[in-house]
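Remarks on the structure that follows.
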Amino acid sequence: MKFTAEFIANALKGRVEGNSGIEVSKLSKIEEGTEGSLSFLANPKYTSYIYDTKASIVIVNEDFIATKPLTCTLIRVNDAYTSFSQLLDLYNQVKNNKVGISPQAAIAKSATIGKDVYIGEFVVIGENAVIEDHSKIYPQTYIGDNCKIGKNTILFPGVKVYSDCIIGSNCTFHAGVVIGSDGFGFAPQSDNNYKKVAQIGNVIIEDDVEIGANTTIDRATLGSTIIRKGVKLDNLIQIAHNVEIGENTVMAALSGISGSTKIGKNCMIGGQVGMNGHIKVGDNVKIGAQAGIMSNVPDGKTIIGSPAIEVGAFMKSSVYFKKLPELAQKLYSMEKKLNAD
Amino acid sequence: MKFTAEFIANALKGRVEGNSGIEVSKLSKIEEGTEGSLSFLANPKYTSYIYDTKASIVIVNEDFIATKPLTCTLIRVNDAYTSFSQLLDLYNQVKNNKVGISPQAAIAKSATIGKDVYIGEFVVIGENAVIEDHSKIYPQTYIGDNCKIGKNTILFPGVKVYSDCIIGSNCTFHAGVVIGSDGFGFAPQSDNNYKKVAQIGNVIIEDDVEIGANTTIDRATLGSTIIRKGVKLDNLIQIAHNVEIGENTVMAALSGISGSTKIGKNCMIGGQVGMNGHIKVGDNVKIGAQAGIMSNVPDGKTIIGSPAIEVGAFMKSSVYFKKLPELAQKLYSMEKKLNAD
Amino acid sequence: MKFTAEFIANALKGRVEGNSGIEVSKLSKIEEGTEGSLSFLANPKYTSYIYDTKASIVIVNEDFIATKPLTCTLIRVNDAYTSFSQLLDLYNQVKNNKVGISPQAAIAKSATIGKDVYIGEFVVIGENAVIEDHSKIYPQTYIGDNCKIGKNTILFPGVKVYSDCIIGSNCTFHAGVVIGSDGFGFAPQSDNNYKKVAQIGNVIIEDDVEIGANTTIDRATLGSTIIRKGVKLDNLIQIAHNVEIGENTVMAALSGISGSTKIGKNCMIGGQVGMNGHIKVGDNVKIGAQAGIMSNVPDGKTIIGSPAIEVGAFMKSSVYFKKLPELAQKLYSMEKKLNAD
């Protein structure tokens, strides 16, 4: 697909300065522009790049003033960053516009498939499953019996959803995500063996949730593991049985939440964070990377460390941790002096 | 499926108190009971819920005495918790009772398939593989050449077992588990390149092992990576080449064990624990979450921290870590005072 | 497959001492040798095993002198370790010699497939994808539109490569690897919601890269996430959008690299390491397991800890961390003594 500067300027309600017939076929950063690419300049820090960029078209703010000659064509708009974001979204929509149901998918007769759905090759859809309108199920995905997938939801290749799980609308799950695997529940027996505790609950994922590649969310023992509206989970995260994560909380890669822990809304949780089971993390909590959360966290705290403490205290203590050998030597020599007195 | 109170009471050798004809179709926690659900009351802490629960039936201990009016039907049994667990198990067995071999599976002619096996759509089973009786291989699973899968073993969707690996009976592997990928072995060359060391061993997994979603277990360089009887591994765990894990050891999510390390039996290992390669961890060892294990651990130790130390010492030191800035200031002012004397 | 001592000696340019007609069908460690297995003795530490081994053939150095009677046949070579490695490589090549294109794969008509390629069952290959000569695509793998896979590259079962990604030659990706999933980019909105930032870049992986099972590499927001020639990544690693990893850098399992971070060449990075986004790690850097890297790291440093410091300093401070309660008590009693003076 190629687009002229004029076509793009019209779409963005901007105006062309330069060659209105010049064509572009891809988007790039201004410092990586090539012939045929369109870029943007919003952050003044990057202004110097515009004089050297090889991009054919650059979107700039209305008030941009060039102080040297330019070789690129400009499109002037009210807000260059927003306009470029619109183009990114458009590009992505065009790219991910697959529709139709592959004859090589295995769909149970009792399943209900909505309108304008994409179902790729080697997908399995179980008994009584419901796939709502405009959803896209990429190849090799598995959707168990009695699952429901909401509208406009995208499951990338190889996602596995166990039976009885409920997924909302406008969700995106990346490749290899596992939803509804058994919680890790075993009752110790007298002979050191463990007996499996049957995990018969499910997972409920509300609308507007994005889940990163190879992340796993276990089904509840009884009841539901719940991921609220707007939650964003990065790759390779582990969510245990009966956990609940509040609205619009975001969590970075490789974090693990133990069973029955409840996390509030609007939290920001770093990578490789671990949380004990059966604890409560409040709303608006910020947790630094690699923190270990052993007990309840009140609303609004910012913590880090393992075990986690307030971030300012951790940073100060870390400075002195590095000085520990020096401090200890000082202490030993003072002790010697005192004892000699 | 619906069951009457009378039917369930007979199955549990209990007796009905209330409406013996009332029907239930699902199991719930007492605090989440709804019409048509069956719950239980075992822990006295939850007694207050029984007077308000919407559950249609509640299983209680023989000696339970109601102190207020009840709207639910009771089933009295010797041990309410055990009886409810039996129902959970039964429910799960009924739910996971798939049988039959999909015509859309690709099974090598030289493979041997036992009786009453389930093999789902788009499964691949390699040359000379053996699948024993009553095993369930869910869709999109891969079983390489010469593998053996024991009796009553369940592989959930998308499990990948590389060639030559041996899996025991009564095992459960969750979606996305990888067994037998190459160990991470590379010999440094003079030009900073690495030459791959061929990994021609296998993985042996004994009976009664459960492995969580997206966990990976590498094959041995030579010989076998071995997971002993009764081991339970959570999600997203990494087990490197030539590791051996002893009987009935349990390990929580996101832990990683480096090459050739041997772990004893009956250990409990927390989440996000890391272990060096070529070390030996004894029997009955308990390791706290996020610990880093750098060297051998004797039998029966309880350790945490990175590098790990005994748990009591770690907890005490963590308290003083938080006080380090205060302690250091005290030290500096004492030093000043001493020098002034 | 069985081979005689004579056949193997000829292949390795060695000479037989014992029964030149004896046959072997597998390779083993000398301490685990069984009848029909071939082993080797290179490290003098293992010499005692040769007198008891049940291996049928043992490869030894030319200058090996037996001090007791031997039951095995010897093959004498210049360098026993190198000769045995050659046999391992050969064994692996013979084992992984699959060729041919499965009629059960779904390959777009517009895709280009090279010579002597293996494409397994239930593989999906998208529009305009290119698979170069001698590559092996194992079953249930997904290769998106416009991807390119170089020569002699092996993708094990269930690898998922999103559209537009470029993979080099002589690469090996293990089962469950995900390449090109969306970067974790969300713009906070005034109502606590997040708006997804479209991720329209790709992933470029150069030649000779090995990637472990279930590792995930996100596509760039714009431009490319880049893994340079010779990089080796272990299992369950997370590489975020726009990261770049330099030539011949190796990284152990469960590490996570945040967005836009650049890592130099010839680095060695331990397991469970976490790195902040937008930082620069130099060349020849060594990072210990579980380290947390918060800021730039100069060339050649060896660091560990979270936050990471130089390894010697960390080890010393860790010793005093363990002594913190004792040091604090000493400090308190000195303070009391000083105040009493």
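FYI, nothing fancy with the structure tokens labels: chains A, B, ... in order, residues from 1 per chain, ligands from 1 as they appear.
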Discussion item. Quick check: residues of chain A within 6 Å of chain B, only C-alpha atoms, returned as a PyMOL selection string.
Written reply: chain A and resi 193+198+222+317
Discussion item. Taking only stretch 31-116 of chain B into account, list the residues labelled strand (DSSP E or B) by DSSP (computed from the backbone), as a ChimeraX atom specification.
Written reply: /B:37-41,57-61,73-77,100-101,106-107,112-113
Selection export as a short mmCIF file (atom, residue, chain, number, x, y, z; two decimals), in the first residue's frame, atoms kept: all heavy atoms:
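Final file, selection22.cif:
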```
data_model
loop_
_atom_site.label_atom_id
_atom_site.label_comp_id
_atom_site.auth_asym_id
_atom_site.auth_seq_id
_atom_site.Cartn_x
_atom_site.Cartn_y
_atom_site.Cartn_z
N SER B 37 -26.68 -24.21 43.85
CA SER B 37 -25.30 -24.63 44.15
C SER B 37 -25.25 -25.39 45.47
O SER B 37 -26.10 -25.22 46.35
CB SER B 37 -24.34 -23.44 44.17
OG SER B 37 -24.40 -22.75 45.39
N LEU B 38 -24.23 -26.25 45.57
CA LEU B 38 -23.98 -27.02 46.79
C LEU B 38 -22.69 -26.50 47.41
O LEU B 38 -21.71 -26.28 46.72
CB LEU B 38 -23.84 -28.50 46.42
CG LEU B 38 -23.49 -29.45 47.58
CD1 LEU B 38 -24.17 -30.80 47.33
CD2 LEU B 38 -21.99 -29.66 47.72
N SER B 39 -22.72 -26.31 48.74
CA SER B 39 -21.53 -25.81 49.42
C SER B 39 -21.23 -26.68 50.63
O SER B 39 -21.87 -27.72 50.82
CB SER B 39 -21.73 -24.35 49.80
OG SER B 39 -20.49 -23.79 50.16
N PHE B 40 -20.24 -26.25 51.46
CA PHE B 40 -19.93 -27.02 52.65
C PHE B 40 -19.50 -26.06 53.76
O PHE B 40 -19.08 -24.94 53.50
CB PHE B 40 -18.84 -28.05 52.38
CG PHE B 40 -17.45 -27.47 52.30
CD1 PHE B 40 -16.50 -27.72 53.29
CD2 PHE B 40 -17.10 -26.65 51.23
CE1 PHE B 40 -15.23 -27.17 53.21
CE2 PHE B 40 -15.82 -26.11 51.15
CZ PHE B 40 -14.89 -26.37 52.14
N LEU B 41 -19.62 -26.53 54.99
CA LEU B 41 -19.15 -25.77 56.15
C LEU B 41 -18.32 -26.71 57.00
O LEU B 41 -18.84 -27.67 57.57
CB LEU B 41 -20.34 -25.23 56.97
CG LEU B 41 -19.96 -24.57 58.29
CD1 LEU B 41 -19.12 -23.33 58.06
CD2 LEU B 41 -21.23 -24.19 59.07
N ILE B 57 -27.93 -26.39 48.97
CA ILE B 57 -27.56 -27.47 49.89
C ILE B 57 -26.22 -27.12 50.52
O ILE B 57 -25.33 -26.61 49.84
CB ILE B 57 -27.41 -28.82 49.15
CG1 ILE B 57 -28.69 -29.17 48.37
CG2 ILE B 57 -27.05 -29.95 50.13
CD1 ILE B 57 -28.60 -30.46 47.56
N VAL B 58 -26.06 -27.39 51.82
CA VAL B 58 -24.76 -27.23 52.48
C VAL B 58 -24.43 -28.54 53.20
O VAL B 58 -25.26 -29.06 53.95
CB VAL B 58 -24.76 -26.06 53.48
CG1 VAL B 58 -23.39 -25.95 54.17
CG2 VAL B 58 -25.07 -24.74 52.77
N ILE B 59 -23.23 -29.05 52.96
CA ILE B 59 -22.74 -30.23 53.66
C ILE B 59 -22.14 -29.76 54.98
O ILE B 59 -21.30 -28.84 54.99
CB ILE B 59 -21.68 -30.96 52.81
CG1 ILE B 59 -22.30 -31.43 51.49
CG2 ILE B 59 -21.09 -32.15 53.58
CD1 ILE B 59 -21.30 -32.03 50.52
N VAL B 60 -22.56 -30.36 56.10
CA VAL B 60 -22.03 -29.97 57.41
C VAL B 60 -21.59 -31.21 58.18
O VAL B 60 -21.96 -32.34 57.83
CB VAL B 60 -23.08 -29.20 58.25
CG1 VAL B 60 -23.46 -27.87 57.59
CG2 VAL B 60 -24.33 -30.05 58.48
N ASN B 61 -20.80 -30.97 59.23
CA ASN B 61 -20.41 -32.08 60.12
C ASN B 61 -21.62 -32.56 60.90
O ASN B 61 -22.55 -31.80 61.17
CB ASN B 61 -19.31 -31.62 61.07
CG ASN B 61 -17.99 -31.42 60.36
OD1 ASN B 61 -17.73 -32.07 59.33
ND2 ASN B 61 -17.18 -30.51 60.87
N THR B 73 -30.96 -26.56 52.59
CA THR B 73 -31.05 -27.96 53.02
C THR B 73 -29.67 -28.40 53.48
O THR B 73 -28.66 -28.02 52.88
CB THR B 73 -31.53 -28.81 51.83
OG1 THR B 73 -32.90 -28.48 51.59
CG2 THR B 73 -31.40 -30.31 52.11
N LEU B 74 -29.60 -29.19 54.55
CA LEU B 74 -28.32 -29.70 55.04
C LEU B 74 -28.12 -31.15 54.65
O LEU B 74 -29.09 -31.91 54.55
CB LEU B 74 -28.24 -29.61 56.57
CG LEU B 74 -28.39 -28.23 57.22
CD1 LEU B 74 -28.23 -28.36 58.75
CD2 LEU B 74 -27.38 -27.25 56.66
N ILE B 75 -26.85 -31.52 54.42
CA ILE B 75 -26.49 -32.94 54.40
C ILE B 75 -25.47 -33.13 55.51
O ILE B 75 -24.40 -32.50 55.48
CB ILE B 75 -25.92 -33.38 53.03
CG1 ILE B 75 -26.97 -33.23 51.94
CG2 ILE B 75 -25.41 -34.82 53.09
CD1 ILE B 75 -26.48 -33.57 50.53
N ARG B 76 -25.80 -33.95 56.48
CA ARG B 76 -24.88 -34.19 57.61
C ARG B 76 -24.00 -35.39 57.30
O ARG B 76 -24.47 -36.45 56.89
CB ARG B 76 -25.67 -34.46 58.90
CG ARG B 76 -26.41 -33.23 59.41
CD ARG B 76 -27.00 -33.45 60.79
NE ARG B 76 -27.70 -32.26 61.25
CZ ARG B 76 -27.12 -31.27 61.93
NH1 ARG B 76 -25.84 -31.33 62.24
NH2 ARG B 76 -27.83 -30.22 62.30
N VAL B 77 -22.67 -35.21 57.49
CA VAL B 77 -21.70 -36.30 57.23
C VAL B 77 -20.68 -36.30 58.36
O VAL B 77 -20.62 -35.36 59.17
CB VAL B 77 -20.96 -36.08 55.89
CG1 VAL B 77 -21.92 -36.17 54.70
CG2 VAL B 77 -20.23 -34.74 55.89
N GLY B 100 -11.65 -41.28 22.82
CA GLY B 100 -11.69 -41.37 21.37
C GLY B 100 -10.51 -40.69 20.71
O GLY B 100 -9.89 -39.81 21.29
N ILE B 101 -10.23 -41.13 19.49
CA ILE B 101 -9.06 -40.63 18.76
C ILE B 101 -9.56 -39.81 17.58
O ILE B 101 -10.29 -40.30 16.72
CB ILE B 101 -8.20 -41.81 18.29
CG1 ILE B 101 -7.68 -42.56 19.53
CG2 ILE B 101 -7.06 -41.34 17.41
CD1 ILE B 101 -6.89 -43.80 19.23
N ALA B 106 -2.43 -36.57 13.78
CA ALA B 106 -1.44 -37.21 12.90
C ALA B 106 -0.62 -38.18 13.73
O ALA B 106 0.25 -37.77 14.50
CB ALA B 106 -0.55 -36.15 12.26
N ILE B 107 -0.92 -39.47 13.59
CA ILE B 107 -0.29 -40.50 14.43
C ILE B 107 0.55 -41.41 13.55
O ILE B 107 0.04 -41.98 12.59
CB ILE B 107 -1.39 -41.31 15.16
CG1 ILE B 107 -2.28 -40.36 15.98
CG2 ILE B 107 -0.77 -42.39 16.04
CD1 ILE B 107 -3.46 -41.03 16.65
N THR B 112 2.29 -46.94 19.14
CA THR B 112 1.41 -47.90 19.81
C THR B 112 0.46 -47.13 20.72
O THR B 112 0.91 -46.41 21.61
CB THR B 112 2.25 -48.86 20.68
OG1 THR B 112 3.24 -49.47 19.84
CG2 THR B 112 1.37 -49.93 21.31
N ILE B 113 -0.84 -47.28 20.48
CA ILE B 113 -1.84 -46.53 21.24
C ILE B 113 -2.64 -47.51 22.09
O ILE B 113 -3.19 -48.48 21.57
CB ILE B 113 -2.79 -45.77 20.29
CG1 ILE B 113 -2.00 -44.96 19.24
CG2 ILE B 113 -3.76 -44.89 21.08
CD1 ILE B 113 -1.15 -43.85 19.80
#
```
Item to complete: Work out how far apart atom CA of B:Ser110 and atom CA of B:Ile143 are and give it in Å to one decimal.
Response: 13.1 Å
Worksheet item: Residues of stretch 88-326 of chain C in alpha helix (DSSP H) according to DSSP, as a list of chain:residue names?
Response: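 Taking stretch 88-326 of chain C and keeping alpha helix (DSSP H) only, one gets C:Leu88, C:Asp89, C:Leu90, C:Tyr91, C:Asn92, C:Gln93, C:Val94, C:Lys95, C:Val311, C:Gly312, C:Ala313, C:Phe314, C:Met315, C:Lys316, C:Ser317, C:Ser318, C:Val319, C:Tyr320, C:Phe321, C:Lys322, C:Leu324, C:Pro325, C:Glu326.
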